[in-house]
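One file, target22.pdb, carrying PDB, C-alpha atoms:
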```
MODEL        1
ATOM      1  CA  MET A 565      71.664 -18.478  12.253  1.00  0.00           C
ATOM      2  CA  SER A 566      74.991 -17.132  11.023  1.00  0.00           C
ATOM      3  CA  ILE A 567      75.160 -14.219   8.604  1.00  0.00           C
ATOM      4  CA  PHE A 568      78.224 -13.656   6.447  1.00  0.00           C
ATOM      5  CA  GLY A 569      79.061 -10.737   4.205  1.00  0.00           C
ATOM      6  CA  ARG A 570      81.441 -11.143   1.322  1.00  0.00           C
ATOM      7  CA  CYS A 571      83.762  -8.364   2.463  1.00  0.00           C
ATOM      8  CA  CYS A 572      84.395  -6.011   5.357  1.00  0.00           C
ATOM      9  CA  ALA A 573      81.822  -3.477   4.199  1.00  0.00           C
ATOM     10  CA  SER A 574      79.609  -2.738   1.274  1.00  0.00           C
ATOM     11  CA  PRO A 575      80.629   0.138  -1.012  1.00  0.00           C
ATOM     12  CA  THR A 576      78.152   2.253   0.951  1.00  0.00           C
ATOM     13  CA  GLY A 577      80.040   1.524   4.167  1.00  0.00           C
ATOM     14  CA  ARG A 578      77.138  -0.345   5.767  1.00  0.00           C
ATOM     15  CA  VAL A 579      76.889  -3.890   7.048  1.00  0.00           C
ATOM     16  CA  ILE A 580      74.201  -6.041   8.644  1.00  0.00           C
ATOM     17  CA  PRO A 581      74.586  -5.793  12.421  1.00  0.00           C
ATOM     18  CA  GLY A 582      76.156  -8.901  13.929  1.00  0.00           C
ATOM     19  CA  ALA A 583      77.309 -10.357  10.613  1.00  0.00           C
ATOM     20  CA  ARG A 584      80.759 -11.889  10.187  1.00  0.00           C
ATOM     21  CA  HIS A 585      82.664 -11.026   7.048  1.00  0.00           C
ATOM     22  CA  ILE A 586      84.629 -13.342   4.799  1.00  0.00           C
ATOM     23  CA  PRO A 587      85.761 -12.094   1.380  1.00  0.00           C
ATOM     24  CA  LEU A 588      84.576 -14.429  -1.384  1.00  0.00           C
ATOM     25  CA  HIS A 589      88.124 -15.154  -2.546  1.00  0.00           C
ATOM     26  CA  LEU A 590      89.036 -16.345   0.975  1.00  0.00           C
ATOM     27  CA  LEU A 591      85.983 -18.565   1.454  1.00  0.00           C
ATOM     28  CA  PRO A 592      87.712 -21.735   0.153  1.00  0.00           C
ATOM     29  CA  ALA A 593      90.424 -21.280   2.792  1.00  0.00           C
ATOM     30  CA  ARG A 594      88.101 -20.208   5.616  1.00  0.00           C
ATOM     31  CA  PHE A 595      84.823 -22.093   5.163  1.00  0.00           C
ATOM     32  CA  GLU A 596      85.631 -24.439   8.044  1.00  0.00           C
ATOM     33  CA  GLU A 597      85.246 -21.445  10.402  1.00  0.00           C
ATOM     34  CA  ILE A 598      81.508 -21.587   9.686  1.00  0.00           C
ATOM     35  CA  ASP A 599      79.377 -23.619  12.086  1.00  0.00           C
ATOM     36  CA  ARG A 600      77.783 -26.430  10.069  1.00  0.00           C
ATOM     37  CA  SER A 601      75.044 -26.917  12.676  1.00  0.00           C
ATOM     38  CA  ARG A 602      73.547 -23.459  12.068  1.00  0.00           C
ATOM     39  CA  ALA A 603      71.736 -22.015   9.081  1.00  0.00           C
ATOM     40  CA  VAL A 604      73.955 -19.650   7.085  1.00  0.00           C
ATOM     41  CA  VAL A 605      72.909 -16.537   5.170  1.00  0.00           C
ATOM     42  CA  PHE A 606      75.344 -14.865   2.775  1.00  0.00           C
ATOM     43  CA  TYR A 607      74.995 -11.302   1.526  1.00  0.00           C
ATOM     44  CA  CYS A 608      76.874  -8.841  -0.642  1.00  0.00           C
ATOM     45  CA  GLN A 609      75.882  -5.571  -2.277  1.00  0.00           C
ATOM     46  CA  SER A 610      73.562  -7.026  -4.925  1.00  0.00           C
ATOM     47  CA  GLY A 611      73.277 -10.754  -4.211  1.00  0.00           C
ATOM     48  CA  ALA A 612      75.533 -11.978  -7.036  1.00  0.00           C
ATOM     49  CA  ARG A 613      78.701 -12.767  -5.097  1.00  0.00           C
ATOM     50  CA  SER A 614      76.758 -14.098  -2.136  1.00  0.00           C
ATOM     51  CA  ALA A 615      75.021 -16.504  -4.540  1.00  0.00           C
ATOM     52  CA  GLN A 616      78.474 -17.832  -5.452  1.00  0.00           C
ATOM     53  CA  ALA A 617      79.340 -18.201  -1.760  1.00  0.00           C
ATOM     54  CA  SER A 618      76.068 -20.039  -1.116  1.00  0.00           C
ATOM     55  CA  GLY A 619      76.736 -22.384  -4.024  1.00  0.00           C
ATOM     56  CA  PHE A 620      80.223 -23.089  -2.736  1.00  0.00           C
ATOM     57  CA  LEU A 621      78.985 -24.151   0.715  1.00  0.00           C
ATOM     58  CA  CYS A 622      76.166 -26.226  -0.772  1.00  0.00           C
ATOM     59  CA  GLY A 623      78.803 -27.992  -2.845  1.00  0.00           C
ATOM     60  CA  LYS A 624      80.652 -28.793   0.374  1.00  0.00           C
ATOM     61  CA  GLY A 625      77.564 -30.489   1.793  1.00  0.00           C
ATOM     62  CA  TRP A 626      75.981 -27.720   3.881  1.00  0.00           C
ATOM     63  CA  GLN A 627      72.206 -28.149   4.137  1.00  0.00           C
ATOM     64  CA  GLU A 628      70.869 -24.791   5.343  1.00  0.00           C
ATOM     65  CA  VAL A 629      72.571 -22.160   3.188  1.00  0.00           C
ATOM     66  CA  TYR A 630      70.769 -19.076   1.945  1.00  0.00           C
ATOM     67  CA  ASN A 631      71.541 -16.080  -0.226  1.00  0.00           C
ATOM     68  CA  LEU A 632      70.037 -12.736   0.767  1.00  0.00           C
ATOM     69  CA  ALA A 633      68.135 -11.924  -2.443  1.00  0.00           C
ATOM     70  CA  GLY A 634      68.981  -8.433  -3.625  1.00  0.00           C
ATOM     71  CA  GLY A 635      71.813  -8.120  -1.100  1.00  0.00           C
ATOM     72  CA  MET A 636      72.432  -4.917   0.836  1.00  0.00           C
ATOM     73  CA  ASN A 637      70.577  -2.965  -1.837  1.00  0.00           C
ATOM     74  CA  ALA A 638      67.341  -4.788  -0.967  1.00  0.00           C
ATOM     75  CA  TRP A 639      68.079  -4.844   2.773  1.00  0.00           C
ATOM     76  CA  VAL A 640      68.537  -1.079   2.938  1.00  0.00           C
ATOM     77  CA  GLY A 641      65.610  -0.525   0.558  1.00  0.00           C
ATOM     78  CA  LYS A 642      63.300  -2.316   3.000  1.00  0.00           C
ATOM     79  CA  GLY A 643      64.501  -0.154   5.890  1.00  0.00           C
ATOM     80  CA  MET A 644      66.261  -2.991   7.706  1.00  0.00           C
ATOM     81  CA  PRO A 645      68.944  -2.159  10.306  1.00  0.00           C
ATOM     82  CA  VAL A 646      72.489  -1.392   9.203  1.00  0.00           C
ATOM     83  CA  ALA A 647      75.699  -0.637  11.050  1.00  0.00           C
ATOM     84  CA  ALA A 648      79.109   0.799  10.355  1.00  0.00           C
ATOM     85  CA  PRO A 649      81.740  -1.920   9.806  1.00  0.00           C
ATOM     86  CA  GLY A 650      84.008  -2.922  12.632  1.00  0.00           C
TER      87      GLY A 650
ENDMDL
END
```
If you convert what's in this file into structure tokens, what do you get?
Amino acid sequence: MSIFGRCCASPTGRVIPGARHIPLHLLPARFEEIDRSRAVVFYCQSGARSAQASGFLCGKGWQEVYNLAGGMNAWVGKGMPVAAPG
């Protein structure tokens, strides 16, 4: 599974460990960097921008594309691991 954040870090300065980061506005130019053979999960701070990213890839024919519901807000709220960007 590949996990992609919409930017280099959330406003809180935390990211999901191991995630790659592609800003939403660069996704149309960089989506081919994403491995089509693996499931993809997008996240952002709240889940809104990552929903757009998920929709974009689905529109390009990806089959296993997911949006992290609630984004980093939900992730952190459930006590899941976070890391500093970089």
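The coordinates place atom CA of A:Cys622 at 28.2 Å from atom CA of A:Ala647.
Among the candidates A:Gln627, A:Pro649, A:Gly611, A:His585, the one nearest to A:Glu597 when counting all atoms listed in the file is A:His585.
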Revision key, fill the gap. A straight line from atom CA of A:Phe595 to atom CA of A:Pro581 spans 20.6 Å
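Checking A:Phe620, A:Glu596, A:Leu591, A:Val579 one by one against A:Gly635, counting only C-alpha atoms, you find the shortest gap at A:Val579.
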Given the file above and the PyMOL selection byres ((chain A and resi 589) around 12), which residues are selected, and can you give them as a compact mmCIF listing (two decimals) with C-alpha atoms, in the coordinates of the input?
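Dumped to expr.txt:
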```txt
# COMPACT_ATOMS: atom_id res chain seq x y z
CA ARG A 570 81.44 -11.14 1.32
CA CYS A 571 83.76 -8.36 2.46
CA HIS A 585 82.66 -11.03 7.05
CA ILE A 586 84.63 -13.34 4.80
CA PRO A 587 85.76 -12.09 1.38
CA LEU A 588 84.58 -14.43 -1.38
CA LEU A 590 89.04 -16.34 0.98
CA LEU A 591 85.98 -18.57 1.45
CA PRO A 592 87.71 -21.74 0.15
CA ALA A 593 90.42 -21.28 2.79
CA ARG A 594 88.10 -20.21 5.62
CA PHE A 595 84.82 -22.09 5.16
CA ARG A 613 78.70 -12.77 -5.10
CA SER A 614 76.76 -14.10 -2.14
CA GLN A 616 78.47 -17.83 -5.45
CA ALA A 617 79.34 -18.20 -1.76
CA PHE A 620 80.22 -23.09 -2.74
```
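With atom CA of A:Gly650 on one side and atom CA of A:Ser610 on the other, the separation reads 20.8 Å.
Of the residues listed (A:Trp626, A:Lys642, A:Gly634, A:Ala615), A:Trp626 shows the shortest atom-to-atom separation from A:Ile598; distances use all atoms listed in the file.
Among the candidate residues A:Arg600, A:Ala648, A:Gly643, A:Gln609, the one lying nearest to A:Val629 is A:Arg600, with distances computed using all atoms listed in the file.
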